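Shown next: start.txt, given as compact mmCIF, C-alpha atoms.
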# COMPACT_ATOMS: atom_id res chain seq x y z
CA MET A 1 -282.59 211.18 -173.87
CA SER A 2 -279.27 210.04 -172.47
CA GLN A 3 -276.45 212.45 -171.69
CA GLN A 4 -274.32 210.55 -174.17
CA ALA A 5 -276.61 211.56 -177.03
CA HIS A 6 -275.93 215.26 -176.43
CA LEU A 7 -272.13 214.88 -176.80
CA PRO A 8 -270.72 216.02 -180.15
CA SER A 9 -269.70 213.12 -182.27
CA GLU A 10 -265.98 212.78 -182.94
CA ALA A 11 -264.85 212.88 -186.53
CA ALA A 12 -264.22 209.41 -187.81
CA GLU A 13 -260.52 208.71 -188.29
CA PRO A 14 -259.58 207.54 -191.77
CA GLU A 15 -258.79 203.86 -191.95
CA THR A 16 -255.88 204.46 -194.33
CA PRO A 17 -253.60 207.43 -195.08
CA HIS A 18 -253.80 209.31 -198.36
CA LEU A 19 -252.58 206.83 -200.98
CA ASP A 20 -253.35 208.38 -204.34
CA PHE A 21 -250.88 210.94 -205.72
CA ALA A 22 -250.65 212.42 -209.19
CA GLY A 23 -246.95 211.67 -209.56
CA THR A 24 -244.42 210.18 -207.18
CA THR A 25 -245.18 210.43 -203.47
CA PRO A 26 -244.10 213.56 -201.54
CA TYR A 27 -241.83 211.27 -199.49
CA GLU A 28 -240.05 210.10 -202.64
CA ASP A 29 -239.77 213.66 -203.94
CA TYR A 30 -238.06 214.72 -200.70
CA VAL A 31 -235.91 211.69 -199.80
CA ARG A 32 -235.18 210.40 -203.32
CA ALA A 33 -235.37 206.88 -201.93
CA ASP A 34 -235.76 205.35 -205.38
CA VAL A 35 -232.43 206.88 -206.39
CA LEU A 36 -230.69 205.77 -203.19
CA THR A 37 -231.91 202.18 -203.36
CA HIS A 38 -230.83 201.76 -206.97
CA LEU A 39 -227.25 202.92 -206.54
CA GLN A 40 -225.98 199.47 -205.57
CA HIS A 41 -224.25 197.69 -208.46
CA THR A 42 -222.28 194.73 -207.16
CA LEU A 43 -219.39 193.39 -209.22
CA SER A 44 -219.15 189.88 -207.81
CA ASP A 45 -221.47 186.98 -207.07
CA ASP A 46 -220.66 187.03 -203.37
CA PRO A 47 -223.72 187.99 -201.25
CA GLY A 48 -221.47 189.77 -198.74
CA GLU A 49 -220.48 192.41 -201.28
CA MET A 50 -223.91 194.05 -200.99
CA VAL A 51 -223.37 194.61 -197.26
CA PHE A 52 -219.93 196.10 -197.90
CA LEU A 53 -221.22 198.38 -200.67
CA VAL A 54 -224.29 199.67 -198.79
CA THR A 55 -222.31 200.21 -195.58
CA THR A 56 -219.72 202.21 -197.49
CA GLN A 57 -222.44 204.32 -199.12
CA VAL A 58 -224.03 204.97 -195.73
CA MET A 59 -220.63 206.14 -194.46
CA GLU A 60 -220.43 208.60 -197.36
CA LEU A 61 -223.81 210.05 -196.36
CA TRP A 62 -222.63 210.49 -192.77
CA PHE A 63 -219.43 212.16 -194.05
CA THR A 64 -221.66 214.60 -195.93
CA VAL A 65 -223.81 215.61 -192.97
CA ILE A 66 -220.86 215.80 -190.56
CA THR A 67 -218.98 218.04 -193.00
CA HIS A 68 -222.08 220.24 -193.13
CA GLU A 69 -222.16 220.48 -189.32
CA TRP A 70 -218.47 221.38 -189.03
CA GLU A 71 -218.73 223.98 -191.79
CA THR A 72 -221.73 225.44 -189.93
CA ALA A 73 -219.69 225.53 -186.71
CA ALA A 74 -216.69 227.15 -188.41
CA LYS A 75 -218.87 229.84 -189.98
CA ALA A 76 -220.55 230.54 -186.64
CA LEU A 77 -217.20 230.89 -184.88
CA ARG A 78 -216.09 233.45 -187.45
CA SER A 79 -219.08 235.51 -186.28
CA ASP A 80 -218.41 234.80 -182.58
CA ASP A 81 -221.70 232.90 -182.47
CA VAL A 82 -220.68 230.25 -179.94
CA PRO A 83 -224.17 228.81 -179.26
CA THR A 84 -224.72 228.02 -182.95
CA ALA A 85 -221.23 226.55 -183.27
CA THR A 86 -221.62 224.41 -180.14
CA ALA A 87 -225.06 223.18 -181.21
CA ALA A 88 -223.65 222.07 -184.59
CA LEU A 89 -220.74 220.30 -182.90
CA LYS A 90 -223.09 218.50 -180.50
CA ARG A 91 -225.21 217.30 -183.43
CA SER A 92 -222.06 216.07 -185.15
CA VAL A 93 -221.16 214.03 -182.06
CA ARG A 94 -224.40 212.05 -182.39
CA GLU A 95 -223.75 211.69 -186.12
CA LEU A 96 -220.19 210.50 -185.48
CA GLU A 97 -221.58 207.87 -183.12
CA ALA A 98 -223.85 206.65 -185.92
CA LEU A 99 -220.96 206.76 -188.39
CA ASN A 100 -218.76 204.72 -186.08
CA ALA A 101 -221.54 202.17 -185.65
CA SER A 102 -221.38 201.63 -189.41
CA TRP A 103 -218.29 199.49 -188.84
CA ARG A 104 -220.33 196.84 -187.06
CA PRO A 105 -221.55 195.02 -190.19
CA LEU A 106 -217.93 194.83 -191.39
CA ALA A 107 -216.04 194.52 -188.12
CA GLN A 108 -215.87 190.72 -188.08
CA LEU A 109 -215.06 190.02 -191.71
CA THR A 110 -212.64 187.12 -192.05
CA PRO A 111 -209.88 187.26 -194.70
CA ALA A 112 -211.72 184.62 -196.74
CA GLN A 113 -214.97 186.61 -196.67
CA PHE A 114 -213.26 189.84 -197.70
CA ASN A 115 -211.20 188.12 -200.40
CA SER A 116 -214.40 186.77 -201.99
CA TYR A 117 -215.17 190.24 -203.39
CA ARG A 118 -212.01 192.26 -202.75
CA SER A 119 -210.95 192.02 -206.40
CA ALA A 120 -214.13 193.91 -207.35
CA LEU A 121 -212.70 196.99 -205.62
CA GLY A 122 -209.74 197.13 -207.99
CA GLU A 123 -207.68 200.11 -206.90
CA GLY A 124 -210.60 201.61 -205.00
CA SER A 125 -209.87 202.64 -201.42
CA GLY A 126 -211.54 204.70 -198.73
CA PHE A 127 -208.74 207.27 -198.71
CA GLN A 128 -210.01 208.31 -202.17
CA SER A 129 -213.28 209.55 -200.65
CA ALA A 130 -213.58 213.27 -201.44
CA MET A 131 -216.11 213.94 -198.68
CA TYR A 132 -213.97 212.19 -196.08
CA ARG A 133 -211.05 214.32 -197.28
CA ARG A 134 -213.14 217.45 -196.67
CA MET A 135 -213.78 216.18 -193.14
CA GLU A 136 -210.06 215.72 -192.59
CA PHE A 137 -209.32 219.20 -193.94
CA LEU A 138 -211.84 220.68 -191.50
CA LEU A 139 -209.99 218.88 -188.68
CA GLY A 140 -206.74 220.56 -189.76
CA GLU A 141 -205.33 217.47 -191.48
CA LYS A 142 -204.33 219.34 -194.64
CA SER A 143 -202.26 217.93 -197.51
CA ALA A 144 -202.21 219.24 -201.08
CA SER A 145 -201.13 215.80 -202.32
CA MET A 146 -204.52 214.40 -201.35
CA LEU A 147 -206.10 216.43 -204.17
CA VAL A 148 -204.20 214.41 -206.78
CA PRO A 149 -206.62 211.43 -206.92
CA HIS A 150 -209.46 213.84 -207.83
CA ARG A 151 -207.89 215.59 -210.82
CA GLY A 152 -210.18 213.66 -213.14
CA SER A 153 -213.30 215.18 -211.53
CA PRO A 154 -213.12 218.99 -211.96
CA ARG A 155 -216.04 219.80 -209.65
CA VAL A 156 -214.79 217.61 -206.81
CA HIS A 157 -211.22 218.82 -207.27
CA ALA A 158 -212.33 222.47 -207.13
CA GLU A 159 -214.34 221.88 -203.95
CA LEU A 160 -211.38 220.17 -202.27
CA GLU A 161 -208.95 222.87 -203.39
CA LYS A 162 -211.24 225.51 -201.93
CA ALA A 163 -211.46 223.58 -198.65
CA LEU A 164 -207.67 223.17 -198.60
CA HIS A 165 -207.13 226.94 -198.59
CA GLU A 166 -209.85 227.77 -196.07
CA PRO A 167 -209.25 227.87 -192.29
CA SER A 168 -210.09 224.61 -190.60
CA LEU A 169 -212.67 224.30 -187.84
CA TYR A 170 -209.84 224.34 -185.31
CA ASP A 171 -208.22 227.40 -186.93
CA GLU A 172 -211.52 229.22 -186.38
CA ALA A 173 -211.64 228.06 -182.75
CA VAL A 174 -208.10 229.31 -182.10
CA ARG A 175 -208.86 232.65 -183.76
CA PHE A 176 -211.95 232.91 -181.57
CA LEU A 177 -209.78 232.41 -178.47
CA ALA A 178 -207.57 235.26 -179.65
CA ARG A 179 -210.58 237.57 -180.01
CA ARG A 180 -211.58 236.62 -176.47
CA GLY A 181 -208.28 238.02 -175.20
CA HIS A 182 -206.01 234.98 -175.14
CA GLU A 183 -202.46 235.63 -176.34
CA ILE A 184 -202.19 233.70 -179.60
CA PRO A 185 -199.12 234.66 -181.66
CA ALA A 186 -199.37 236.03 -185.20
CA SER A 187 -197.43 232.99 -186.43
CA VAL A 188 -200.46 230.86 -185.48
CA LEU A 189 -203.20 233.29 -186.49
CA ASN A 190 -201.62 234.02 -189.87
CA ARG A 191 -200.27 230.57 -190.62
CA ASP A 192 -200.61 228.94 -194.05
CA VAL A 193 -203.93 227.19 -193.53
CA SER A 194 -203.30 224.89 -196.50
CA LYS A 195 -200.70 223.10 -194.34
CA ARG A 196 -201.36 220.59 -191.60
CA TYR A 197 -202.02 222.24 -188.23
CA GLU A 198 -199.08 221.97 -185.84
CA PRO A 199 -199.52 222.48 -182.07
CA ALA A 200 -198.30 225.67 -180.42
CA PRO A 201 -197.49 226.19 -176.72
CA GLU A 202 -199.45 229.46 -176.64
CA VAL A 203 -202.61 227.69 -177.79
CA GLU A 204 -202.05 225.07 -175.11
CA THR A 205 -201.76 227.86 -172.53
CA ALA A 206 -204.99 229.44 -173.78
CA TRP A 207 -206.95 226.20 -173.45
CA ALA A 208 -205.45 225.60 -169.99
CA ALA A 209 -206.71 229.04 -168.96
CA VAL A 210 -210.15 228.22 -170.36
CA TYR A 211 -210.33 225.00 -168.36
CA SER A 212 -209.04 226.67 -165.22
CA GLY A 213 -211.88 229.19 -165.36
CA ASP A 214 -215.65 228.96 -165.27
CA PRO A 215 -216.70 225.47 -166.45
CA ASP A 216 -220.01 226.91 -167.66
CA ALA A 217 -218.40 229.61 -169.80
CA ASP A 218 -219.11 229.37 -173.52
CA THR A 219 -215.40 228.87 -174.27
CA ALA A 220 -215.29 225.87 -171.92
CA ARG A 221 -218.42 224.37 -173.49
CA LEU A 222 -216.88 224.92 -176.92
CA GLY A 223 -213.70 223.17 -175.81
CA GLU A 224 -215.62 220.17 -174.55
CA ALA A 225 -217.70 219.97 -177.74
CA LEU A 226 -214.50 219.99 -179.80
CA THR A 227 -212.96 217.37 -177.50
CA ASN A 228 -215.96 215.09 -177.95
CA VAL A 229 -215.56 215.40 -181.71
CA ALA A 230 -211.83 214.65 -181.48
CA GLU A 231 -212.43 211.56 -179.33
CA LEU A 232 -214.97 210.09 -181.75
CA VAL A 233 -212.72 210.78 -184.74
CA TRP A 234 -209.97 208.88 -182.92
CA ARG A 235 -212.40 206.01 -182.28
CA TRP A 236 -213.41 206.03 -185.96
CA ARG A 237 -209.79 205.71 -187.04
CA ASN A 238 -209.11 202.91 -184.58
CA ASP A 239 -212.28 201.01 -185.53
CA HIS A 240 -211.20 201.30 -189.17
CA LEU A 241 -207.76 200.00 -188.23
CA VAL A 242 -209.13 197.01 -186.31
CA ALA A 243 -211.65 196.08 -189.02
CA THR A 244 -208.94 196.25 -191.68
CA ARG A 245 -206.43 194.27 -189.65
CA ARG A 246 -209.05 191.58 -189.07
CA ALA A 247 -210.10 191.38 -192.73
CA MET A 248 -206.72 191.54 -194.46
CA GLY A 249 -203.88 191.47 -191.95
CA ALA A 250 -200.77 193.34 -193.09
CA LYS A 251 -201.41 193.01 -196.83
CA THR A 252 -201.13 196.02 -199.13
CA GLY A 253 -204.28 198.16 -199.15
CA THR A 254 -206.68 198.11 -202.09
CA GLY A 255 -205.58 201.58 -203.17
CA GLY A 256 -201.90 200.68 -203.11
CA SER A 257 -201.35 202.10 -199.61
CA ALA A 258 -199.50 200.28 -196.85
CA GLY A 259 -202.87 199.09 -195.52
CA VAL A 260 -202.75 198.57 -191.77
CA ALA A 261 -199.44 200.47 -191.48
CA TRP A 262 -201.06 203.50 -193.15
CA LEU A 263 -204.05 203.34 -190.80
CA GLU A 264 -201.81 202.97 -187.76
CA LYS A 265 -200.00 206.15 -188.73
CA ARG A 266 -203.30 207.99 -189.18
CA ALA A 267 -204.60 206.76 -185.82
CA ARG A 268 -201.58 208.27 -184.05
CA ASN A 269 -202.43 211.79 -185.25
CA THR A 270 -204.15 213.68 -182.44
CA VAL A 271 -207.10 215.84 -183.45
CA PHE A 272 -207.13 219.32 -181.83
CA PRO A 273 -203.88 218.50 -179.98
CA GLU A 274 -203.71 221.33 -177.44
CA LEU A 275 -207.17 220.49 -176.13
CA TRP A 276 -205.62 217.26 -174.85
CA THR A 277 -202.19 218.44 -173.68
CA ALA A 278 -203.64 221.48 -171.87
CA ARG A 279 -205.38 219.19 -169.39
CA SER A 280 -202.02 218.40 -167.80
CA TYR A 281 -201.76 222.02 -166.64
CA VAL A 282 -205.20 222.53 -165.11
Starting from the file, give its structure as C-alpha cells.
Amino acid sequence: MSQQAHLPSEAAEPETPHLDFAGTTPYEDYVRADVLTHLQHTLSDDPGEMVFLVTTQVMELWFTVITHEWETAAKALRSDDVPTATAALKRSVRELEALNASWRPLAQLTPAQFNSYRSALGEGSGFQSAMYRRMEFLLGEKSASMLVPHRGSPRVHAELEKALHEPSLYDEAVRFLARRGHEIPASVLNRDVSKRYEPAPEVETAWAAVYSGDPDADTARLGEALTNVAELVWRWRNDHLVATRRAMGAKTGTGGSAGVAWLEKRARNTVFPELWTARSYV
C-alpha cells in the first residue's frame, strides 16, 4: 500500500458558498444595501445627474463616519485617553482622504454639463448638510445662524443645537494641554463654546513648547494627528472651491450663497490655527 493511501483525506471544499437563506441575506441585514441603492431619485433626464447624486450621498456617508471619529476623539481627550483619541484621528485622516477623492467624478464638470441638471437642485446646496455642519462645529467653526435652515426638522435641529453648545474637538485638545501643565488662561478654557474659536497667544505658546520637546511624546503625536486633519480639511475646502469654479464660474450658488466667493472665504479659515502659527517659534 502506498504511503499516500495512509494520509488522512482533506475535507472537500464546497463549490459554492451558502446561498439559501430564510429571509434576506445576513449581508443585506447588516449593510442595508437594498436601501442604499434605492435612494437615488433623479429629477432630470440627464445621465450625469446620477453621478452627481450618488457622489453627494457618498460624501454624506463620509461626513457621518468622520463626525463619529472626531466625537470619539473628543470624548477620549476629556478622559485624558490620548491613545484612543489619536487612533480615532488617524482613522479620520484616511477617511478624509477618501472623502476628498469623492470630488474626482465631479472635478471636471463643464458649465454646460452642470447646467443640464442644475435646475433639479432648486435651492438645494451643500451648506445645508446637517452632518457637514456637525463636522464644522467639531472643528470649532461655530455659528448659531447655521441652525436656521434645519428648523423644519426637529430631530436634526436638536442634534445641531446640542453640538453647537458642546466643546469642539479643538476645545478638548486645548483643555487637555492645560491639564498637562501648560498655562492656558481661563478666558480660553471657559469661553463660550457656541462661538467660533478664536486663536490665543497662550495656546500658540503651549503648542510651541510641545513641539520643542520630545517628538515622541503623546502630546506631540496628538498635535500631528490634529494637524493632519486640519490639512485635509483645507484640501477638501479648496477642492470644493476648484470644482465649483470650474462648473459654474462666479454665478450665484444654488442655495442663494455667493457661490465661489463664499467658498473662497471658507477656504481662508485656518483649522486649529495655533498648531500652524506655533511652528514659527520652534
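Atom pair CA of Glu172 (chain A) / CA of Ala73 (chain A): separated by 9.0 Å.
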### Task
For region 238-249 of chain A, list every protein, DNA or RNA residue within 7 Å, evaluated using all atoms listed in the file, and leave out those in the same chain fewer than 3 positions away; present the list as a ChimeraX atom specification.
/A:106-111,114,234-235,260,263-264,267
### Query
Suppose you want the space between CA of Pro167 (chain A) and CA of Ala209 (chain A); what is it in Å?
23.5 Å
### Computed interatomic separation between CA of Ala208 (chain A) and CA of Ser280 (chain A) (Å)
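We find that CA of Ala208 (chain A) and CA of Ser280 (chain A) lie 8.3 Å from each other.
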### Query
Got a sec: who's within 12 Å of region 212-225 of chain A, counting all atoms listed in the file, leaving out chain neighbours fewer than 6 positions off, as a count of residues only?
47
Using all atoms of region 145-151 of chain A listed in the file and a margin of 5 Å per side, can you give the axis-aligned box centre and edge lengths in Å to one decimal, as AutoDock Vina command-line options?
--center_x -205.3 --center_y 213.9 --center_z -206.1 --size_x 18.3 --size_y 15.0 --size_z 19.5
### Message
Measuring between only C-alpha atoms, which one of A:Leu147, A:Thr67, A:Glu202, A:Met135 shows the shortest distance to Ile184 (chain A)?
### Response
A:Glu202
### Query
Around (-204.6, 228.5, -199.1) in the file's frame, which residues reach within 7 Å when counting all atoms listed in the file? Return as a PyMOL selection string?
chain A and resi 164-166+192-194
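When all atoms listed in the file are used to measure the gap to Leu43 (chain A), the shortest distance among A:Arg151, A:His18, A:Arg118, A:Arg237 belongs to A:Arg118.
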